[in-house]
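Notes for the one structure printed next.
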Amino acid sequence: MKKLVGIALASLAAPLLRAEFSAGFARLDITPPPGLPMPGYFSKRIGDGVLDPLCVECVAVSDGTNDALIYSVDDLHLTGPFFEKAFPAITAATGVPRDRIYVHSTHTHTGVADMPRGSYTPEENQLVTAYAELRVAKLADAGRAALADRAPATISIGQTECKDVSFIRRYRMKDGSSRTNPGTSNPDVVAAIGTPDESLRVVRFKRKGTPDIAIINFGTHPDTVGGTKYSADWPGAVRQTFESAIGGGVKCLFLNGAQGDVNHHMRLPPPARQALYAARGNGTNPKAIAIFMGRAVAGAAISVWDICEDVPSGPVRGIVKAHPLPTNRPSADEIKWIELFDAGRKNEIPLKGMELTTLTSPGGRARALKDGPDNREILISTLVIGDALAFAGIPGEPYVDIGRAIKAQSPFATTIVSCLTNGSHGYFPSTQAHQEGGYEGLSSWFAAPAGDMIVAAGVTQLKELRGQNKE
């Protein structure tokens, strides 16, 4: 009888132990050798050195039954063809299904291409293909390592602001037009169009007997370094600064937020700020701005690290779902302007700078969508832990207002929005911004309602997950 009672108690205890929330971390170096193309600009660059390592990081979380993997990868973006290989490879290595795989690109402009392009030589495309295969393997390895690193954990959340490092990059000009990056001292600027989202969120996984894990979420463009040396840009500086300052072996994963219309360029910067820009520009310190921003963002996260508030864990659930969006087919005027450009008559086109280059780009959306299609699918990714914490991933570069709207309408107390998650489809302007024109609207592959549709899709998936938690 005693033996039977012991077996019964053991069988009851097993699910209780299994239900304990746990978290693990892994980081792998993915810095390539020199010679690979670096995307992010309209001209080809070839990497010829390293300023700081490129990494893939993974946080594994588990409710005892369901595991999930949250990745952050130092690159400009990862596209659909990459994920056609990456999703099954990660699942094969870890057993985690696609609905709970969340792969985010930090959007550093000093990373490496993820797929061949027509502008690359055959040899360069071979290198790109080989490196993409290596990255797929590294993602699988990092997921497996993060799962193996899991330890019992609790969750706490911190929120604050990081001021004066992110600025709207779209401006209303004196002639009534909308321009992107017209110059920080341009006298024709009237005012910025919109306000940045300066909110910063910290997720702290407090682990028993092993170092804690941090997820930091803040949004702005990582394009402060430039040049032809590989660098994780300011997100890498965030991780390095945070981990060094907190100490104790703490690990940090960074998720970039809604950043489609914000960057580091301050309007009419004071002398000290101008000195940073000058040091980056003249090459004396190419990482001057990245280090400054990394310290500022990490400092804001550090300021709330010790006062993060505990929240309950709970079921780990996810949805990765395809949604059709209307494409941004070129207008009759845009087709006419492209014809003028091809005829060598670009002076007759009422666009200039980034807007002109974007519209006429050989790989741009206007040429590609001239004959359709009218709709194109994107993946919206949502992942939740219990009723307190949610992640909403958008496969492109959403404007800050899209991120704000998802957070405001989410049924979860804390919702972390990340750009370039499980795909990359370019810019997602808000409906109002789309109508105002400018670089992002000209380059966006999707028509004006797309921003509102993304918000609705993300919130719907979050509400569905919240409902599942109550079942």
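Ligands are numbered from 1 in the order shown, residues from 1 within each chain, and chains are lettered A, B, ... in the order they appear in the structure tokens.
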
Worksheet entry | All residues 6 Å or closer to Trp234 of chain A, only C-alpha atoms, same chain fewer than 2 positions away omitted, as a PyMOL selection string | chain A and resi 236-237+290+293-294

Worksheet item: Within 10 Å of Lys346 of chain A, counting only C-alpha atoms, which residues qualify if same-chain residues fewer than 6 places away don't, as JSON, numbers by chain?
Response: {"A": [337, 338, 339, 340, 352, 356, 360]}

Worksheet item: Which residue gives the smallest distance to Ser331 of chain A among A:Ala245, A:Glu198, A:Asp371, A:Arg273, with only C-alpha atoms counted?
Response: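 Answer, going by the shortest atom-to-atom distance: A:Asp371.
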
Item to complete: Go through A:Glu84, A:Asp149, A:Asp114, A:Asp342 one by one, measure the shortest atom-to-atom distance of each to Lys208 of chain A using only C-alpha atoms, and give the residue with the smallest value.
Response: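 Closest candidate: A:Asp149.
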
Practice prompt. Write out as a PyMOL selection string the residues lying within 10 Å of segment 263-272 of chain A, counting only C-alpha atoms and excluding same-chain residues fewer than 6 positions away.
Written response: chain A and resi 164-170+181+183-186+189+191-192+196+219-224+278+289-290+293

Take the residues from that selection and write them out as a compact mmCIF listing (two decimals), in the first residue's frame, keeping C-alpha atoms.
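Writing the result to out34.txt gives the following:
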# COMPACT_ATOMS: atom_id res chain seq x y z
CA ASP A 164 16.59 62.28 -27.16
CA VAL A 165 18.18 59.40 -29.06
CA SER A 166 15.35 58.68 -31.52
CA PHE A 167 13.93 61.31 -33.86
CA ILE A 168 11.25 61.39 -36.53
CA ARG A 169 13.06 61.47 -39.86
CA ARG A 170 10.16 62.79 -41.96
CA ASN A 181 16.26 62.97 -44.06
CA GLY A 183 19.41 67.38 -43.59
CA THR A 184 19.54 68.27 -39.92
CA SER A 185 20.17 71.96 -40.64
CA ASN A 186 18.08 72.37 -43.78
CA VAL A 189 12.30 72.37 -42.91
CA ALA A 191 8.63 70.67 -38.59
CA ALA A 192 8.90 66.94 -38.01
CA PRO A 196 8.98 59.30 -31.71
CA GLY A 219 12.79 51.33 -31.43
CA THR A 220 14.88 53.35 -33.86
CA HIS A 221 16.97 52.76 -36.99
CA PRO A 222 20.41 51.13 -36.48
CA ASP A 223 22.25 53.02 -39.22
CA THR A 224 24.84 54.97 -37.27
CA ALA A 278 31.89 64.43 -37.21
CA ILE A 289 27.13 57.49 -32.36
CA ALA A 290 26.53 53.76 -31.88
CA MET A 293 23.14 55.43 -28.26

Worksheet item: If we count only C-alpha atoms, what is near Gln461 of chain A at a cut-off of 10 Å, once residues fewer than 4 positions away on the same chain are taken out, given as a list of chain:residue names?
Response: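 That gives A:Gly318, A:Ile319, A:Val320, A:Lys321, A:Ile380, A:Ser381, A:Thr382, A:Leu383, A:Ala392, A:Ser410, A:Ala456, A:Ala457, A:Leu465, A:Arg466, A:Gly467.
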
Item to complete: Compile the contact shell of Arg207 of chain A as a PyMOL selection string: residues with an atom at most 10 Å away, counting only C-alpha atoms, same-chain residues fewer than 4 positions apart removed.
Response: chain A and resi 21-24+150-155+211-213

Practice prompt. From the DSSP assignment of the backbone, select every residue of segment 187-379 of chain A that is strand (DSSP E or B), and format the answer as an NGL selection string.
Written response: :A and (189-192 or 199-207 or 213-218 or 229-230 or 251-256 or 262-263 or 309-311 or 316-327 or 375-379)
